[in-house]
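Text of the file start-v2.json, holding JSON, C-alpha atoms:
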```json
[["chain", "number", "residue", "atom", "x", "y", "z"],
["A", 27, "MET", "CA", 0.00, 0.00, 0.00],
["A", 28, "PRO", "CA", 1.48, 3.38, -0.96],
["A", 29, "ASP", "CA", 2.32, 5.84, 1.82],
["A", 30, "LYS", "CA", -0.20, 8.58, 2.49],
["A", 31, "LEU", "CA", 0.82, 11.95, 1.10],
["A", 32, "THR", "CA", 1.38, 14.62, 3.72],
["A", 33, "PRO", "CA", -0.94, 17.65, 3.76],
["A", 34, "LEU", "CA", 1.86, 19.72, 2.17],
["A", 35, "GLU", "CA", 2.27, 17.15, -0.61],
["A", 36, "ILE", "CA", -1.50, 17.14, -1.23],
["A", 37, "ASP", "CA", -1.37, 20.96, -1.27],
["A", 38, "ALA", "CA", 1.41, 20.83, -3.89],
["A", 39, "LEU", "CA", -0.51, 18.36, -6.02],
["A", 40, "THR", "CA", -3.69, 20.47, -5.81],
["A", 41, "GLU", "CA", -1.74, 23.57, -6.84],
["A", 42, "ILE", "CA", -0.15, 21.75, -9.80],
["A", 43, "PHE", "CA", -3.57, 20.57, -11.01],
["A", 44, "ASN", "CA", -5.15, 23.98, -10.31],
["A", 45, "ILE", "CA", -2.62, 25.54, -12.64],
["A", 46, "GLY", "CA", -3.35, 22.91, -15.30],
["A", 47, "ILE", "CA", -7.09, 23.36, -14.86],
["A", 48, "GLY", "CA", -6.71, 27.16, -15.01],
["A", 49, "ARG", "CA", -5.03, 26.82, -18.39],
["A", 50, "ALA", "CA", -7.77, 24.48, -19.54],
["A", 51, "ALA", "CA", -10.38, 27.03, -18.42],
["A", 52, "ASN", "CA", -8.68, 29.64, -20.58],
["A", 53, "SER", "CA", -8.80, 27.36, -23.62],
["A", 54, "LEU", "CA", -12.41, 26.35, -22.94],
["A", 55, "ASN", "CA", -13.35, 30.02, -22.56],
["A", 56, "LYS", "CA", -12.17, 30.57, -26.12],
["A", 57, "MET", "CA", -14.09, 27.50, -27.31],
["A", 58, "VAL", "CA", -17.44, 28.36, -25.68],
["A", 59, "SER", "CA", -17.12, 32.18, -25.70],
["A", 60, "GLN", "CA", -18.10, 32.38, -22.05],
["A", 61, "THR", "CA", -16.16, 32.79, -18.84],
["A", 62, "VAL", "CA", -15.41, 29.30, -17.59],
["A", 63, "ASP", "CA", -14.37, 28.69, -14.00],
["A", 64, "LEU", "CA", -12.85, 25.31, -13.34],
["A", 65, "THR", "CA", -12.12, 24.49, -9.72],
["A", 66, "ILE", "CA", -10.88, 21.42, -7.86],
["A", 67, "PRO", "CA", -12.89, 20.91, -4.67],
["A", 68, "GLU", "CA", -11.32, 17.50, -3.99],
["A", 69, "ILE", "CA", -8.16, 15.59, -4.81],
["A", 70, "ASP", "CA", -7.04, 12.29, -3.29],
["A", 71, "ILE", "CA", -5.00, 9.17, -3.90],
["A", 72, "LEU", "CA", -6.98, 6.06, -3.12],
["A", 73, "PRO", "CA", -7.64, 2.47, -4.23],
["A", 74, "ASN", "CA", -9.77, 2.20, -7.36],
["A", 75, "LYS", "CA", -12.70, 0.66, -5.53],
["A", 76, "GLN", "CA", -12.94, 3.77, -3.34],
["A", 77, "ALA", "CA", -12.29, 6.15, -6.23],
["A", 78, "LYS", "CA", -15.21, 4.56, -8.05],
["A", 79, "GLN", "CA", -17.46, 5.25, -5.06],
["A", 80, "LYS", "CA", -16.43, 8.92, -5.14],
["A", 81, "LEU", "CA", -17.89, 9.34, -8.61],
["A", 82, "ASP", "CA", -21.49, 9.74, -7.39],
["A", 83, "PHE", "CA", -22.76, 8.02, -10.53],
["A", 84, "ASP", "CA", -25.63, 5.62, -10.13],
["A", 85, "ILE", "CA", -24.59, 2.18, -11.38],
["A", 86, "ALA", "CA", -27.11, 2.25, -14.24],
["A", 87, "MET", "CA", -26.40, 5.86, -15.21],
["A", 88, "GLU", "CA", -25.04, 6.51, -18.69],
["A", 89, "ILE", "CA", -21.61, 8.15, -18.50],
["A", 90, "SER", "CA", -19.68, 9.95, -21.23],
["A", 91, "ALA", "CA", -15.93, 9.81, -20.84],
["A", 92, "VAL", "CA", -12.69, 10.68, -22.57],
["A", 93, "THR", "CA", -9.71, 8.51, -21.84],
["A", 94, "GLN", "CA", -6.01, 8.82, -22.59],
["A", 95, "ARG", "CA", -3.39, 6.21, -21.84],
["A", 96, "PHE", "CA", 0.03, 7.36, -20.69],
["A", 97, "SER", "CA", 3.38, 5.68, -20.22],
["A", 98, "GLY", "CA", 6.91, 6.62, -19.23],
["A", 99, "ASP", "CA", 8.07, 7.47, -15.71],
["A", 100, "PHE", "CA", 4.62, 6.40, -14.58],
["A", 101, "LYS", "CA", 1.99, 4.67, -16.65],
["A", 102, "GLY", "CA", -1.75, 4.29, -16.57],
["A", 103, "GLN", "CA", -4.99, 5.67, -17.87],
["A", 104, "ALA", "CA", -6.52, 9.13, -17.45],
["A", 105, "LEU", "CA", -10.31, 9.41, -17.49],
["A", 106, "LEU", "CA", -12.45, 12.53, -17.67],
["A", 107, "MET", "CA", -16.05, 11.57, -16.87],
["A", 108, "PHE", "CA", -19.39, 13.34, -17.01],
["A", 109, "SER", "CA", -22.95, 12.18, -16.65],
["A", 110, "LYS", "CA", -24.36, 11.89, -20.20],
["A", 111, "GLU", "CA", -26.59, 14.87, -19.42],
["A", 112, "ASN", "CA", -23.68, 17.10, -18.30],
["A", 113, "GLY", "CA", -21.65, 15.96, -21.31],
["A", 114, "LEU", "CA", -24.43, 17.05, -23.66],
["A", 115, "GLN", "CA", -24.74, 20.39, -21.84],
["A", 116, "LEU", "CA", -21.05, 21.00, -22.53],
["A", 117, "VAL", "CA", -21.45, 19.99, -26.18],
["A", 118, "LYS", "CA", -24.38, 22.40, -26.55],
["A", 119, "LEU", "CA", -22.24, 25.18, -25.09],
["A", 120, "LEU", "CA", -19.42, 24.36, -27.45],
["A", 121, "LEU", "CA", -21.57, 24.20, -30.56],
["A", 122, "GLY", "CA", -24.10, 26.86, -29.68],
["A", 123, "ASN", "CA", -27.83, 26.61, -30.30],
["A", 124, "LYS", "CA", -27.44, 26.46, -34.08],
["A", 125, "ILE", "CA", -27.22, 22.68, -34.09],
["A", 126, "PRO", "CA", -30.56, 20.82, -34.18],
["A", 127, "ILE", "CA", -31.05, 18.62, -31.14],
["A", 128, "GLU", "CA", -31.25, 15.47, -33.33],
["A", 129, "ASP", "CA", -27.71, 16.12, -34.64],
["A", 130, "LEU", "CA", -26.25, 16.82, -31.22],
["A", 131, "SER", "CA", -25.51, 13.22, -30.27],
["A", 132, "GLU", "CA", -23.57, 12.69, -33.51],
["A", 133, "LEU", "CA", -21.32, 15.60, -32.68],
["A", 134, "GLU", "CA", -21.13, 14.71, -29.01],
["A", 135, "GLN", "CA", -18.22, 12.34, -29.44],
["A", 136, "ASP", "CA", -16.02, 14.80, -31.36],
["A", 137, "SER", "CA", -16.84, 17.69, -29.07],
["A", 138, "LEU", "CA", -16.21, 15.81, -25.84],
["A", 139, "VAL", "CA", -12.95, 14.40, -27.18],
["A", 140, "GLU", "CA", -11.88, 17.98, -27.90],
["A", 141, "ILE", "CA", -12.89, 19.14, -24.41],
["A", 142, "GLY", "CA", -11.19, 16.10, -22.86],
["A", 143, "ASN", "CA", -8.10, 16.75, -24.91],
["A", 144, "VAL", "CA", -7.88, 20.32, -23.61],
["A", 145, "ILE", "CA", -8.45, 19.42, -19.96],
["A", 146, "LEU", "CA", -6.37, 16.24, -19.73],
["A", 147, "ASN", "CA", -3.46, 17.67, -21.71],
["A", 148, "ALA", "CA", -3.40, 20.80, -19.55],
["A", 149, "CYS", "CA", -3.17, 18.50, -16.51],
["A", 150, "PHE", "CA", -0.48, 16.34, -18.10],
["A", 151, "GLY", "CA", 1.44, 19.44, -19.18],
["A", 152, "THR", "CA", 1.69, 20.91, -15.70],
["A", 153, "VAL", "CA", 2.46, 17.54, -14.08],
["A", 154, "ILE", "CA", 5.28, 16.97, -16.59],
["A", 155, "ASN", "CA", 6.70, 20.47, -16.06],
["A", 156, "PHE", "CA", 6.47, 20.62, -12.29],
["A", 157, "LEU", "CA", 7.49, 17.07, -11.51],
["A", 158, "GLN", "CA", 10.05, 16.98, -14.35],
["A", 159, "ALA", "CA", 8.60, 13.70, -15.50],
["A", 160, "SER", "CA", 8.88, 12.06, -18.86],
["A", 161, "ILE", "CA", 5.52, 10.76, -20.08],
["A", 162, "SER", "CA", 4.13, 9.88, -23.52],
["A", 163, "ILE", "CA", 0.43, 10.38, -23.97],
["A", 164, "GLU", "CA", -1.72, 8.50, -26.46],
["A", 165, "MET", "CA", -4.58, 10.01, -28.46],
["A", 166, "PRO", "CA", -7.83, 10.64, -26.56],
["A", 167, "GLU", "CA", -10.69, 8.19, -27.02],
["A", 168, "PHE", "CA", -14.39, 8.64, -26.33],
["A", 169, "ILE", "CA", -16.24, 5.98, -24.37],
["A", 170, "GLN", "CA", -19.80, 5.78, -23.19],
["A", 171, "GLY", "CA", -21.47, 3.31, -20.87],
["A", 172, "ASN", "CA", -22.30, 2.63, -17.25],
["A", 173, "LEU", "CA", -19.83, 2.98, -14.40],
["A", 174, "ASN", "CA", -18.56, -0.60, -14.64],
["A", 175, "GLU", "CA", -17.96, -0.25, -18.38],
["A", 176, "ILE", "CA", -16.13, 3.07, -18.07],
["A", 177, "PHE", "CA", -14.13, 2.74, -14.89],
["A", 178, "THR", "CA", -12.20, -0.41, -15.65],
["A", 179, "TYR", "CA", -8.81, -1.35, -14.32],
["A", 180, "SER", "CA", -6.56, -4.32, -14.68],
["A", 181, "SER", "CA", -6.18, -5.23, -11.06],
["A", 182, "GLU", "CA", -7.84, -4.64, -7.73],
["A", 183, "TYR", "CA", -4.45, -3.39, -6.61],
["A", 184, "ASP", "CA", -4.51, -0.43, -9.00],
["A", 185, "TRP", "CA", -4.82, 3.00, -7.44],
["A", 186, "SER", "CA", -6.30, 6.28, -8.58],
["A", 187, "LEU", "CA", -5.33, 9.87, -8.32],
["A", 188, "TYR", "CA", -8.89, 11.15, -8.11],
["A", 189, "ILE", "CA", -9.77, 14.78, -8.89],
["A", 190, "ARG", "CA", -13.24, 16.31, -8.73],
["A", 191, "VAL", "CA", -13.58, 19.21, -11.17],
["A", 192, "LYS", "CA", -16.36, 21.79, -11.06],
["A", 193, "PHE", "CA", -17.22, 23.67, -14.25],
["A", 194, "SER", "CA", -18.99, 26.90, -13.50],
["A", 195, "LEU", "CA", -20.26, 28.91, -16.41],
["A", 196, "PRO", "CA", -22.63, 31.87, -16.06],
["A", 197, "SER", "CA", -25.50, 29.75, -17.37],
["A", 198, "GLU", "CA", -24.59, 26.24, -16.24],
["A", 199, "ASN", "CA", -23.20, 24.29, -13.35],
["A", 200, "ILE", "CA", -21.54, 21.13, -14.59],
["A", 201, "GLU", "CA", -19.45, 18.64, -12.67],
["A", 202, "GLY", "CA", -16.83, 16.29, -14.07],
["A", 203, "HIS", "CA", -14.45, 13.80, -12.53],
["A", 204, "ILE", "CA", -10.88, 13.02, -13.46],
["A", 205, "SER", "CA", -9.14, 9.82, -12.46],
["A", 206, "PHE", "CA", -5.56, 8.90, -13.20],
["A", 207, "ILE", "CA", -5.53, 5.14, -12.73],
["A", 208, "MET", "CA", -2.03, 3.77, -12.09],
["A", 209, "ASP", "CA", -0.56, 0.51, -10.94],
["A", 210, "ILE", "CA", 1.09, 0.51, -7.54],
["A", 211, "THR", "CA", 4.65, 0.85, -8.90],
["A", 212, "SER", "CA", 3.71, 3.85, -11.04],
["A", 213, "LEU", "CA", 1.89, 5.42, -8.14],
["A", 214, "GLU", "CA", 4.95, 5.05, -5.91],
["A", 215, "VAL", "CA", 7.14, 6.69, -8.58],
["A", 216, "PHE", "CA", 4.56, 9.46, -8.91],
["A", 217, "GLN", "CA", 4.45, 10.04, -5.15],
["A", 218, "GLU", "CA", 8.24, 10.13, -5.03],
["A", 219, "SER", "CA", 8.22, 12.84, -7.73],
["A", 220, "VAL", "CA", 5.72, 14.88, -5.67],
["A", 221, "ARG", "CA", 7.94, 14.48, -2.58],
["A", 222, "LYS", "CA", 11.03, 15.63, -4.49],
["A", 223, "PHE", "CA", 9.12, 18.66, -5.77],
["A", 224, "VAL", "CA", 7.98, 19.61, -2.25],
["A", 225, "PHE", "CA", 11.51, 19.01, -0.87],
["A", 226, "GLY", "CA", 12.86, 21.46, -3.49],
["A", 227, "ILE", "CA", 10.46, 24.15, -2.25],
["A", 228, "THR", "CA", 10.98, 23.57, 1.45],
["A", 229, "ASN", "CA", 14.76, 23.40, 1.00],
["A", 230, "PRO", "CA", 15.57, 26.01, -1.65],
["A", 231, "THR", "CA", 19.09, 26.06, -3.04],
["A", 232, "PRO", "CA", 20.84, 29.22, -1.80],
["A", 233, "SER", "CA", 21.69, 31.51, -4.72],
["B", 28, "MET", "CA", 13.03, 51.20, 5.38],
["B", 29, "SER", "CA", 11.69, 47.67, 5.29],
["B", 30, "VAL", "CA", 9.05, 46.82, 2.70],
["B", 31, "THR", "CA", 5.87, 45.02, 3.71],
["B", 32, "ILE", "CA", 4.56, 42.44, 1.26],
["B", 33, "LEU", "CA", 1.18, 40.70, 1.48],
["B", 34, "VAL", "CA", 1.00, 37.19, -0.02],
["B", 35, "VAL", "CA", -2.47, 35.65, -0.28],
["B", 36, "ASP", "CA", -2.89, 32.18, -1.73],
["B", 37, "ASP", "CA", -4.87, 29.19, -0.49],
["B", 38, "SER", "CA", -1.96, 26.95, -1.44],
["B", 39, "LEU", "CA", 0.76, 26.81, 1.19],
["B", 40, "VAL", "CA", 3.17, 25.46, -1.43],
["B", 41, "SER", "CA", 2.43, 28.40, -3.69],
["B", 42, "ARG", "CA", 3.04, 30.86, -0.83],
["B", 43, "MET", "CA", 6.33, 29.11, -0.05],
["B", 44, "MET", "CA", 7.39, 29.39, -3.69],
["B", 45, "ILE", "CA", 6.70, 33.14, -3.69],
["B", 46, "LYS", "CA", 8.46, 33.58, -0.35],
["B", 47, "ASN", "CA", 11.55, 31.77, -1.67],
["B", 48, "ILE", "CA", 11.71, 34.27, -4.53],
["B", 49, "LEU", "CA", 11.03, 37.25, -2.22],
["B", 50, "GLU", "CA", 13.85, 36.17, 0.08],
["B", 51, "ILE", "CA", 16.20, 36.69, -2.86],
["B", 52, "HIS", "CA", 14.68, 39.78, -4.48],
["B", 53, "ALA", "CA", 13.17, 41.59, -1.51],
["B", 54, "GLN", "CA", 15.64, 40.75, 1.24],
["B", 55, "GLY", "CA", 14.56, 41.89, 4.68],
["B", 56, "ALA", "CA", 10.95, 42.42, 3.60],
["B", 57, "ASP", "CA", 8.25, 41.88, 6.18],
["B", 58, "ILE", "CA", 6.03, 39.23, 4.60],
["B", 59, "ILE", "CA", 2.41, 38.83, 5.71],
["B", 60, "GLU", "CA", 0.82, 35.57, 4.61],
["B", 61, "ALA", "CA", -2.84, 34.69, 4.35],
["B", 62, "GLY", "CA", -4.58, 31.56, 3.09],
["B", 63, "ASN", "CA", -7.75, 33.31, 1.90],
["B", 64, "GLY", "CA", -9.42, 36.69, 1.50],
["B", 65, "GLU", "CA", -11.04, 36.79, 4.94],
["B", 66, "GLN", "CA", -7.72, 36.04, 6.65],
["B", 67, "ALA", "CA", -6.01, 38.72, 4.59],
["B", 68, "LEU", "CA", -8.62, 41.32, 5.55],
["B", 69, "ASP", "CA", -8.21, 40.39, 9.22],
["B", 70, "LYS", "CA", -4.45, 40.81, 9.04],
["B", 71, "VAL", "CA", -4.67, 44.09, 7.17],
["B", 72, "ALA", "CA", -7.17, 45.39, 9.71],
["B", 73, "GLN", "CA", -4.38, 45.35, 12.26],
["B", 74, "GLY", "CA", -3.24, 48.66, 10.83],
["B", 75, "LYS", "CA", -0.33, 47.49, 8.75],
["B", 76, "VAL", "CA", 0.93, 49.50, 5.78],
["B", 77, "ILE", "CA", 1.26, 47.25, 2.74],
["B", 78, "ASP", "CA", 3.68, 48.19, -0.04],
["B", 79, "VAL", "CA", 3.21, 45.23, -2.37],
["B", 80, "ALA", "CA", 0.61, 42.45, -2.61],
["B", 81, "PHE", "CA", 0.61, 39.14, -4.46],
["B", 82, "ILE", "CA", -2.91, 37.79, -4.56],
["B", 83, "ASP", "CA", -4.11, 34.50, -6.04],
["B", 84, "TYR", "CA", -7.28, 34.74, -8.15],
["B", 85, "ASN", "CA", -8.80, 31.37, -7.52],
["B", 86, "MET", "CA", -9.40, 30.89, -3.79],
["B", 87, "PRO", "CA", -12.22, 29.43, -1.74],
["B", 88, "GLY", "CA", -14.53, 32.19, -0.49],
["B", 89, "MET", "CA", -13.82, 35.51, -2.15],
["B", 90, "THR", "CA", -11.83, 35.59, -5.38],
["B", 91, "GLY", "CA", -8.57, 37.51, -5.64],
["B", 92, "LEU", "CA", -10.37, 40.33, -7.46],
["B", 93, "GLU", "CA", -13.03, 40.58, -4.75],
["B", 94, "LEU", "CA", -10.28, 40.72, -2.14],
["B", 95, "ILE", "CA", -8.46, 43.45, -4.07],
["B", 96, "SER", "CA", -11.60, 45.55, -4.15],
["B", 97, "ALA", "CA", -12.23, 44.93, -0.40],
["B", 98, "LEU", "CA", -8.64, 45.90, 0.36],
["B", 99, "ALA", "CA", -8.93, 49.04, -1.76],
["B", 100, "ALA", "CA", -11.77, 50.22, 0.48],
["B", 101, "LYS", "CA", -9.41, 50.06, 3.47],
["B", 102, "LEU", "CA", -6.01, 51.16, 2.24],
["B", 103, "THR", "CA", -3.89, 51.95, -0.77],
["B", 104, "ILE", "CA", -1.42, 49.31, -1.86],
["B", 105, "PRO", "CA", 0.94, 50.82, -4.45],
["B", 106, "LYS", "CA", 1.66, 47.54, -6.24],
["B", 107, "VAL", "CA", -0.78, 44.65, -6.55],
["B", 108, "ALA", "CA", -0.27, 41.53, -8.65],
["B", 109, "LEU", "CA", -3.08, 39.08, -9.38],
["B", 110, "LEU", "CA", -1.68, 35.57, -9.75],
["B", 111, "THR", "CA", -3.55, 33.11, -11.89],
["B", 112, "ALA", "CA", -3.23, 30.38, -14.48],
["B", 113, "ASN", "CA", -6.64, 31.40, -15.74],
["B", 114, "ILE", "CA", -5.88, 34.11, -18.28],
["B", 115, "GLN", "CA", -9.40, 34.61, -19.66],
["B", 116, "ASP", "CA", -9.94, 37.99, -21.27],
["B", 117, "GLU", "CA", -12.80, 38.91, -18.93],
["B", 118, "ILE", "CA", -10.70, 38.28, -15.80],
["B", 119, "LYS", "CA", -7.76, 40.08, -17.38],
["B", 120, "ALA", "CA", -9.98, 43.07, -18.21],
["B", 121, "GLN", "CA", -11.33, 43.18, -14.64],
["B", 122, "ALA", "CA", -7.77, 43.06, -13.29],
["B", 123, "LEU", "CA", -6.66, 45.86, -15.58],
["B", 124, "ALA", "CA", -9.71, 47.95, -14.64],
["B", 125, "ALA", "CA", -8.75, 47.51, -10.97],
["B", 126, "GLY", "CA", -5.25, 48.77, -11.77],
["B", 127, "VAL", "CA", -3.74, 45.40, -10.99],
["B", 128, "THR", "CA", -0.82, 43.67, -12.69],
["B", 129, "PHE", "CA", -1.74, 40.31, -14.14],
["B", 130, "MET", "CA", 0.82, 37.60, -13.43],
["B", 131, "ASN", "CA", 0.61, 34.12, -14.91],
["B", 132, "LYS", "CA", 0.95, 30.99, -12.83],
["B", 133, "PRO", "CA", 3.30, 29.24, -12.68],
["B", 134, "PHE", "CA", 5.12, 32.52, -12.00],
["B", 135, "ASP", "CA", 8.80, 32.80, -12.62],
["B", 136, "GLU", "CA", 11.46, 34.51, -10.59],
["B", 137, "GLU", "CA", 12.19, 37.07, -13.29],
["B", 138, "ALA", "CA", 8.55, 38.20, -13.53],
["B", 139, "ILE", "CA", 8.34, 38.69, -9.77],
["B", 140, "ALA", "CA", 11.72, 40.48, -9.65],
["B", 141, "ASN", "CA", 10.66, 42.80, -12.49],
["B", 142, "PHE", "CA", 7.37, 43.53, -10.78],
["B", 143, "LEU", "CA", 9.13, 44.39, -7.51],
["B", 144, "HIS", "CA", 11.81, 46.60, -9.01],
["B", 145, "ASN", "CA", 10.02, 48.43, -11.84]]
```

How does this structure look as structure tokens?
Amino acid sequence: MPDKLTPLEIDALTEIFNIGIGRAANSLNKMVSQTVDLTIPEIDILPNKQAKQKLDFDIAMEISAVTQRFSGDFKGQALLMFSKENGLQLVKLLLGNKIPIEDLSELEQDSLVEIGNVILNACFGTVINFLQASISIEMPEFIQGNLNEIFTYSSEYDWSLYIRVKFSLPSENIEGHISFIMDITSLEVFQESVRKFVFGITNPTPS
Amino acid sequence: MSVTILVVDDSLVSRMMIKNILEIHAQGADIIEAGNGEQALDKVAQGKVIDVAFIDYNMPGMTGLELISALAAKLTIPKVALLTANIQDEIKAQALAAGVTFMNKPFDEEAIANFLHN
């Protein structure tokens, strides 16, 4: 079982993802022509079973998700998940009201992949820069299904870096969830990188 | 005369990063830290004169811009920087209208040094 992160390490991780999410908000603002506030009310590292319970999705509920696999210093799968309803709300915002409702679902996949691409890559970008990690990221993929179909993992021993993301737009209030699912070895490497980063701040090199 | 600098950010790590830079570029400064807007207003109410402020935009409770306007009702801070990774035009415009310098996160040492000395 990985060691618990200290409050300072959790603070560092939250700040890293806040910066990534802030950049994503800026890109989304340009895409939807509205002010977009993205905030992270919760971040935690926990076993997948518990991360799954955090998602607040009913087991039968249809979920829209964008996933990206990553490998390198740590490897795993990133998932950005919305309820199907929230996903469609985002698509509508992205495409405007010009698109007839019957065409919306066809464009849903492309639009959500684009949104997922922006958000997940902003997160990856800041993690790579701050933790000085080397990671390759695969192309984003769209998946839809119930919780058990979306939130899959290879082993019960996999862990998740779970992040709750709130999207606040003047007209909407949408919630999404991000999970970085990693095996235990990757998670330990990841935690070590966070610790090194925090050590560098608490013990600055004298200039 | 010693300079007094207010640093408001809900992230302790972020405050430490700023303080590390200030220790190099504003040696001897009196640094007042706060983790949110309410705390900052409490500390400023103690009658301190603030020369420079670094204020995070995205904080629980009041935003950095709301704090800046609440501070402006109490005192004049000659130099205020709004720190954020969220560089949306509307937020930028509000910052500029409030006479505040916009500073991107992650901030770099050079940007903070330039802000302090220019």

- [ ] Using all atoms listed in the file, select each residue of chain A with any atom at most 12 Å away from an atom of chain B, and give the selection as a PyMOL selection string.
- [x] chain A and resi 33-67+148+151-153+155-156+220+223-233

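Our summary of the geometry notes that CA of Glu68 (chain A) is positioned 20.5 Å from CA of Val35 (chain B).
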
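Relative to CA of Ile82 (chain B), CA of Val191 (chain A) is found at 22.4 Å.
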
- [ ] For each of B:Val34, B:Leu49, B:Ile59, B:Ile104, take the minimum atom-to-atom distance to Ala138 (chain B), counting all atoms listed in the file, then give the residue where this is smallest.
- [x] B:Leu49

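Proximity to Met89 (chain B) was assessed for B:His52, B:Val71, B:Val76, B:Asp36 counting only C-alpha atoms; the smallest distance is recorded for B:Asp36.
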
- [ ] Would you mind listing what lies within 8 Å of Phe177 (chain A) as a ChimeraX atom specification, with all atoms listed in the file counted and same-chain residues fewer than 3 positions away left out?
- [x] /A:78,173-174

Task: Surrounding residues of Ile77 (chain B) excluding itself and chain neighbours under 2 positions, 7 Å, only C-alpha atoms, as a PyMOL selection string - done: chain B and resi 31-33+75+79+104

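Atom pair CA of Asn147 (chain A) / CA of Leu116 (chain A): separated by 17.9 Å.
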
TODO: Would you kindly return, as a PyMOL selection string, each protein, DNA or RNA residue with an atom no farther than 10 Å from any atom of Val92 (chain A), considering only C-alpha atoms and excluding same-chain residues fewer than 5 positions away?
DONE: chain A and resi 104-108+135+138-143+146+166-170+176+204

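All protein and nucleic acid residues in the vicinity of (-5.3, 46.9, -9.0), that is within 9 Å when counting only C-alpha atoms, are Leu92, Ile95, Ser96, Ala99, Ile104, Pro105, Lys106, Val107, Ala108, Leu109, Ala122, Leu123, Ala124, Ala125, Gly126, Val127 and Thr128 of chain B.
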
- [ ] Considering all atoms listed in the file, return as a ChimeraX atom specification whatever protein or nucleic-acid residues lie within 12 Å of Ala100 (chain B), sequence-local ones (same chain, fewer than 6 positions apart) excluded.
- [x] /B:68,71-72,93-94

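The residues that lie within 6 Å of the point (-11.3, 3.7, -8.6), counting all atoms listed in the file, are Pro73, Asn74, Lys75, Gln76, Ala77, Lys78 and Ser186 of chain A.
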
TODO: May I have the residues within 9 Å of Ser29 (chain B) as a PyMOL selection string, using all atoms listed in the file and disregarding those fewer than 3 positions away in the same chain?
DONE: chain B and resi 54-57

Mind dumping the selected residues with C-alpha atoms as a CSV table (one decimal), in the frame of the given file?
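Result file follows (part-v4.csv):
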```
chain,number,residue,atom,x,y,z
B,54,GLN,CA,15.6,40.8,1.2
B,55,GLY,CA,14.6,41.9,4.7
B,56,ALA,CA,11.0,42.4,3.6
B,57,ASP,CA,8.2,41.9,6.2
```

Step by step: locate region 31-45 of chain A in the block above, keep N, CA and C atoms, then write the file as a JSON list (two decimals), in the first residue's frame.
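The result, stored in out10.json:
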```
[["chain", "number", "residue", "atom", "x", "y", "z"],
["A", 31, "LEU", "N", 0.12, 10.68, 1.33],
["A", 31, "LEU", "CA", 0.82, 11.95, 1.10],
["A", 31, "LEU", "C", 0.58, 12.86, 2.30],
["A", 32, "THR", "N", 1.56, 13.67, 2.62],
["A", 32, "THR", "CA", 1.38, 14.62, 3.72],
["A", 32, "THR", "C", 0.47, 15.76, 3.25],
["A", 33, "PRO", "N", -0.09, 16.53, 4.18],
["A", 33, "PRO", "CA", -0.94, 17.65, 3.76],
["A", 33, "PRO", "C", -0.20, 18.61, 2.81],
["A", 34, "LEU", "N", 1.10, 18.81, 3.04],
["A", 34, "LEU", "CA", 1.86, 19.72, 2.17],
["A", 34, "LEU", "C", 2.00, 19.12, 0.77],
["A", 35, "GLU", "N", 2.17, 17.80, 0.70],
["A", 35, "GLU", "CA", 2.27, 17.15, -0.61],
["A", 35, "GLU", "C", 0.93, 17.19, -1.35],
["A", 36, "ILE", "N", -0.16, 17.03, -0.62],
["A", 36, "ILE", "CA", -1.50, 17.14, -1.23],
["A", 36, "ILE", "C", -1.71, 18.58, -1.71],
["A", 37, "ASP", "N", -1.26, 19.55, -0.91],
["A", 37, "ASP", "CA", -1.37, 20.96, -1.27],
["A", 37, "ASP", "C", -0.61, 21.22, -2.59],
["A", 38, "ALA", "N", 0.59, 20.64, -2.69],
["A", 38, "ALA", "CA", 1.41, 20.83, -3.89],
["A", 38, "ALA", "C", 0.71, 20.23, -5.11],
["A", 39, "LEU", "N", 0.17, 19.05, -4.93],
["A", 39, "LEU", "CA", -0.51, 18.36, -6.02],
["A", 39, "LEU", "C", -1.75, 19.15, -6.46],
["A", 40, "THR", "N", -2.49, 19.67, -5.49],
["A", 40, "THR", "CA", -3.69, 20.47, -5.81],
["A", 40, "THR", "C", -3.28, 21.71, -6.59],
["A", 41, "GLU", "N", -2.19, 22.35, -6.17],
["A", 41, "GLU", "CA", -1.74, 23.57, -6.84],
["A", 41, "GLU", "C", -1.31, 23.26, -8.27],
["A", 42, "ILE", "N", -0.59, 22.15, -8.45],
["A", 42, "ILE", "CA", -0.15, 21.75, -9.80],
["A", 42, "ILE", "C", -1.38, 21.56, -10.70],
["A", 43, "PHE", "N", -2.38, 20.82, -10.19],
["A", 43, "PHE", "CA", -3.57, 20.57, -11.01],
["A", 43, "PHE", "C", -4.41, 21.83, -11.17],
["A", 44, "ASN", "N", -4.42, 22.71, -10.16],
["A", 44, "ASN", "CA", -5.15, 23.98, -10.31],
["A", 44, "ASN", "C", -4.57, 24.80, -11.45],
["A", 45, "ILE", "N", -3.25, 24.79, -11.57],
["A", 45, "ILE", "CA", -2.62, 25.54, -12.64],
["A", 45, "ILE", "C", -3.00, 24.92, -14.00]]
```
